[in-house]
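Novice: Got a structure for you, questions after.
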Amino acid sequence: MTTDRVTPASGVNSRPLRATWRDYLSLTKPKVISLLLWTTLTAMVMAARGWPGLWLLTVVSLAGYMSAGSAGVFNMIIDRDIDLKMKRTATRPTTSGLISTRNAAIFGTTLQVLSFVMLWVWATPLAAWMSLAGFVTYVVVYTLWLKRTTWHNIVLGGAAGCFPPLVGWAAVTGDLNLFAWFLFAIIFFWTPVHFWALALMIKDEYREVGIPMLPVVHGDRLTVAQIGLYAIYTVVLSVMPVFFREVGWLYFLSALGLGGLLLQRSWGLYRHVMAGNKVERRVAVPLYLYSMLYLALLFVAAAVDRVLLG
Ligand code: HEM
Ligand SMILES: CC(C)=CCC/C(C)=C/CC/C(C)=C/COP(=O)(O)OP(=O)(O)O
């Protein structure tokens, strides 16, 4: 049973601990959201081919944060049993009982409802629907359904993280074009590279709690091969918008340069593991960290290109 209040484990001070706003904020996974929001805001600039306006940027940033944050809250409620057993997640307020399930659910619901209304009223209804679709995909498709049942969880459930650029695009134009769907697809193929590089390092924790992540189910070799494949898909897909004249040479060169580094790091990890070595942090961490820089810079390049050359 989770409670609203917990007492310090030491027992020295019996004063009950109360959750602060920082604890509630931590339920929203702020660091992950920073990159999700980055893809939303840069997509807005791409859609507007310029400055989308301070008001719209502010509304979408706030509402986007609240929607993705709400998804994080429900993910932490649903997963509190396994989060409790993994070192990385054991201290989350939902697992320690610092924030009760009921309070977390009220918080998450409030964020989602407010976000939907804000996007509907001050952006566009399609932006509100796209945001809700991201929420449902993360909470229902990924967390409730796929995460515990199949190693395809990341590829299919990862679609959740592809919605933020659609939210941004729809907020500016009221609809979605082919280029917006390219942005969706780039994140779709990027996600396995991002996550499996990390999963290789924390697979023992996933094994212990019975989560069928790819390295747990099929081992390191197949995982690095899949990472390499998805890195190739990502890079190929990232240059395709150029051939549809959606972006120009500035983006093209950036996508090739950034993509080249993604392939190089994936190849390094592949060779390391295929040579019979155990996965080491010094080869997996750089790929995991670079994957985030890659996505952030690729989206900047597309935005700058469409503003300057569009
Ligand atoms: C199925 C999809 C995804 C899974 C399973 C996943 C999983 C993870 C995990 C387990 C971490 C480690 C966080 C920690 O240390 O607590 C992480 C970090 C991160 N992820 Fe993802 N991720 C996914 C998609 C995304 C997407 C779509 C984005 C943004 C576009 C993203 C951005 C980040 C960022 C910025 C971090 C670093 C956070 C930090 O330093 O604490 N992730 N991800
Ligand atoms: C538009 C919109 C609302 C989109 C929402 C998309 C969203 C919140 C994506 C987050 C992806 C993510 C952090 C997955 C990790 O979950 P996990 O359960 O595997 O990680 P954990 O073990 O750290 O909890």
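Each chain of the structure tokens is named A, B, ... in the order shown, its residues numbered from 1; ligands are numbered from 1 in display order.
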Please identify every residue of chain A that has at least one atom no farther than 7 Å from an atom of ligand 2, counting only C-alpha atoms and all ligand atoms, and for each give the shortest atom pair and the distance in Å to one decimal, arranged by chain then increasing number, as CSV.
Specialist:
residue,atom,partner,partner_atom_place_in_ligand_line,distance
A:Val32,CA,ligand 2,13 (C),5.8
A:Ile33,CA,ligand 2,8 (C),6.9
A:Gly64,CA,ligand 2,1 (C),6.6
A:Ser67,CA,ligand 2,3 (C),4.6
A:Ala68,CA,ligand 2,3 (C),3.7
A:Gly69,CA,ligand 2,8 (C),6.5
A:Ala71,CA,ligand 2,8 (C),5.2
A:Gly72,CA,ligand 2,8 (C),5.5
A:Asn75,CA,ligand 2,18 (O),6.0
A:Met76,CA,ligand 2,24 (O),6.2
A:Asp83,CA,ligand 2,22 (O),6.8
A:Thr89,CA,ligand 2,22 (O),6.7
A:Met130,CA,ligand 2,1 (C),6.6
A:Ser131,CA,ligand 2,1 (C),4.1
A:Leu132,CA,ligand 2,3 (C),6.1
A:Ala133,CA,ligand 2,1 (C),6.9
A:Gly134,CA,ligand 2,2 (C),3.8
A:Phe135,CA,ligand 2,3 (C),4.0
A:Tyr138,CA,ligand 2,6 (C),5.7
A:Thr143,CA,ligand 2,18 (O),6.3
A:Gly158,CA,ligand 2,11 (C),6.8
A:Ala160,CA,ligand 2,6 (C),4.6
A:Gly161,CA,ligand 2,6 (C),4.1
A:Phe163,CA,ligand 2,1 (C),4.9
A:Pro164,CA,ligand 2,1 (C),4.6
A:Val167,CA,ligand 2,1 (C),6.9
Novice: Using only C-alpha atoms, please write the residues we just selected to a file, as a CSV table (one decimal), in the first residue's frame.
Specialist:
chain,number,residue,atom,x,y,z
A,32,VAL,CA,13.7,13.4,-21.1
A,33,ILE,CA,11.0,16.0,-21.8
A,64,GLY,CA,3.7,20.0,-24.4
A,67,SER,CA,1.2,16.4,-21.6
A,68,ALA,CA,4.5,14.5,-21.8
A,69,GLY,CA,4.9,15.1,-18.1
A,71,ALA,CA,2.5,10.5,-19.5
A,72,GLY,CA,5.6,10.2,-17.3
A,75,ASN,CA,4.2,5.5,-16.4
A,76,MET,CA,5.6,5.8,-12.9
A,83,ASP,CA,10.8,0.6,-10.5
A,89,THR,CA,14.4,4.0,-10.4
A,130,MET,CA,-1.6,14.6,-31.6
A,131,SER,CA,-0.5,15.3,-28.0
A,132,LEU,CA,-3.2,13.0,-26.7
A,133,ALA,CA,-2.2,10.3,-29.2
A,134,GLY,CA,1.4,10.6,-27.8
A,135,PHE,CA,0.1,10.2,-24.3
A,138,TYR,CA,3.2,5.9,-24.2
A,143,THR,CA,3.8,1.0,-20.6
A,158,GLY,CA,8.7,4.2,-29.2
A,160,ALA,CA,5.0,7.7,-28.5
A,161,GLY,CA,8.1,9.8,-28.6
A,163,PHE,CA,4.4,12.7,-31.7
A,164,PRO,CA,6.0,15.9,-30.2
A,167,VAL,CA,2.2,18.6,-32.1
Novice: Return as a count of residues only every polymer residue, whether protein, DNA or RNA, with at least one atom no more than 9 Å from an atom of ligand 1; count only C-alpha atoms and all ligand atoms.
Specialist: 45
Novice: If you count only C-alpha atoms, which residues fall within 8 Å of stretch 305-307 of chain A, apart from same-chain ones fewer than 6 positions away, as a list in words?
Specialist: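 These residues fall inside the cut-off: Val45, Met46, Arg49, Gly50, Glu246, Val247, Gly248, Trp249, Leu250 and Tyr251 of chain A.
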Novice: In Å to one decimal, how far is atom CA of A:Val242 from atom CA of A:Leu126?
Specialist: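 Taking atom CA of A:Leu126 as the start and atom CA of A:Val242 as the end point, the length is 26.1 Å.
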Novice: What is the distance between atom CA of A:Tyr233 and atom CA of A:Tyr65, in Å to one decimal?
Specialist: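 Atom CA of A:Tyr65 lies 28.7 Å from atom CA of A:Tyr233.
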Novice: In Å, with one decimal, what is the gap from atom CA of A:Leu111 to atom CA of A:Thr95?
Specialist: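 Atom-to-atom, atom CA of A:Leu111 to atom CA of A:Thr95, that is 20.4 Å.
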Novice: In stretch 56-132 of chain A, what's alpha helix (DSSP H) per DSSP? Answer as a ChimeraX atom specification?
Specialist: /A:56-78,80-85,93-96,101-122,125-132
Novice: Store the residues picked out above in a file with C-alpha atoms, as a PDB file, in the first residue's frame.
Specialist:
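The resulting file, result-v3.pdb, is shown below:
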ATOM      1  CA  LEU A  56       2.248  30.158 -29.566  1.00  0.00           C
ATOM      2  CA  LEU A  57       5.740  29.028 -28.537  1.00  0.00           C
ATOM      3  CA  THR A  58       4.891  29.634 -24.884  1.00  0.00           C
ATOM      4  CA  VAL A  59       1.536  27.853 -25.037  1.00  0.00           C
ATOM      5  CA  VAL A  60       2.928  24.830 -26.864  1.00  0.00           C
ATOM      6  CA  SER A  61       5.976  24.603 -24.577  1.00  0.00           C
ATOM      7  CA  LEU A  62       3.809  24.650 -21.464  1.00  0.00           C
ATOM      8  CA  ALA A  63       1.114  22.356 -22.783  1.00  0.00           C
ATOM      9  CA  GLY A  64       3.670  20.029 -24.397  1.00  0.00           C
ATOM     10  CA  TYR A  65       5.543  19.758 -21.110  1.00  0.00           C
ATOM     11  CA  MET A  66       2.329  19.061 -19.225  1.00  0.00           C
ATOM     12  CA  SER A  67       1.185  16.376 -21.649  1.00  0.00           C
ATOM     13  CA  ALA A  68       4.489  14.496 -21.814  1.00  0.00           C
ATOM     14  CA  GLY A  69       4.906  15.051 -18.068  1.00  0.00           C
ATOM     15  CA  SER A  70       1.503  13.529 -17.445  1.00  0.00           C
ATOM     16  CA  ALA A  71       2.548  10.500 -19.516  1.00  0.00           C
ATOM     17  CA  GLY A  72       5.617  10.183 -17.276  1.00  0.00           C
ATOM     18  CA  VAL A  73       3.457  10.340 -14.149  1.00  0.00           C
ATOM     19  CA  PHE A  74       1.217   7.502 -15.319  1.00  0.00           C
ATOM     20  CA  ASN A  75       4.248   5.486 -16.429  1.00  0.00           C
ATOM     21  CA  MET A  76       5.641   5.786 -12.895  1.00  0.00           C
ATOM     22  CA  ILE A  77       2.316   4.802 -11.338  1.00  0.00           C
ATOM     23  CA  ILE A  78       1.917   1.722 -13.524  1.00  0.00           C
ATOM     24  CA  ARG A  80       6.032   1.296  -9.498  1.00  0.00           C
ATOM     25  CA  ASP A  81       6.377  -2.436  -8.768  1.00  0.00           C
ATOM     26  CA  ILE A  82       9.336  -2.895 -11.118  1.00  0.00           C
ATOM     27  CA  ASP A  83      10.768   0.586 -10.527  1.00  0.00           C
ATOM     28  CA  LEU A  84      11.088  -0.354  -6.854  1.00  0.00           C
ATOM     29  CA  LYS A  85      13.414  -3.226  -7.716  1.00  0.00           C
ATOM     30  CA  PRO A  93       8.357   9.179  -5.243  1.00  0.00           C
ATOM     31  CA  THR A  94       5.773   6.694  -6.497  1.00  0.00           C
ATOM     32  CA  THR A  95       7.897   3.729  -5.452  1.00  0.00           C
ATOM     33  CA  SER A  96       8.991   5.121  -2.074  1.00  0.00           C
ATOM     34  CA  THR A 101      -0.911   6.566  -6.263  1.00  0.00           C
ATOM     35  CA  ARG A 102      -4.064   8.597  -5.792  1.00  0.00           C
ATOM     36  CA  ASN A 103      -2.247  11.926  -5.619  1.00  0.00           C
ATOM     37  CA  ALA A 104      -0.021  11.030  -8.544  1.00  0.00           C
ATOM     38  CA  ALA A 105      -3.101  10.079 -10.596  1.00  0.00           C
ATOM     39  CA  ILE A 106      -4.830  13.366  -9.737  1.00  0.00           C
ATOM     40  CA  PHE A 107      -1.667  15.262 -10.681  1.00  0.00           C
ATOM     41  CA  GLY A 108      -1.265  13.376 -13.973  1.00  0.00           C
ATOM     42  CA  THR A 109      -4.921  13.734 -14.938  1.00  0.00           C
ATOM     43  CA  THR A 110      -4.924  17.455 -14.188  1.00  0.00           C
ATOM     44  CA  LEU A 111      -1.838  17.998 -16.328  1.00  0.00           C
ATOM     45  CA  GLN A 112      -3.296  16.056 -19.242  1.00  0.00           C
ATOM     46  CA  VAL A 113      -6.720  17.735 -19.166  1.00  0.00           C
ATOM     47  CA  LEU A 114      -5.233  21.233 -18.874  1.00  0.00           C
ATOM     48  CA  SER A 115      -2.760  20.522 -21.643  1.00  0.00           C
ATOM     49  CA  PHE A 116      -5.472  19.246 -23.993  1.00  0.00           C
ATOM     50  CA  VAL A 117      -7.669  22.274 -23.375  1.00  0.00           C
ATOM     51  CA  MET A 118      -4.769  24.724 -23.765  1.00  0.00           C
ATOM     52  CA  LEU A 119      -3.707  23.225 -27.069  1.00  0.00           C
ATOM     53  CA  TRP A 120      -7.288  23.061 -28.350  1.00  0.00           C
ATOM     54  CA  VAL A 121      -8.113  26.643 -27.430  1.00  0.00           C
ATOM     55  CA  TRP A 122      -4.821  28.478 -28.004  1.00  0.00           C
ATOM     56  CA  PRO A 125      -7.469  20.995 -32.211  1.00  0.00           C
ATOM     57  CA  LEU A 126      -5.141  18.773 -34.255  1.00  0.00           C
ATOM     58  CA  ALA A 127      -2.229  19.706 -31.982  1.00  0.00           C
ATOM     59  CA  ALA A 128      -4.363  18.672 -28.990  1.00  0.00           C
ATOM     60  CA  TRP A 129      -5.228  15.343 -30.635  1.00  0.00           C
ATOM     61  CA  MET A 130      -1.594  14.622 -31.554  1.00  0.00           C
ATOM     62  CA  SER A 131      -0.528  15.292 -28.003  1.00  0.00           C
ATOM     63  CA  LEU A 132      -3.219  12.995 -26.653  1.00  0.00           C
TER      64      LEU A 132
END
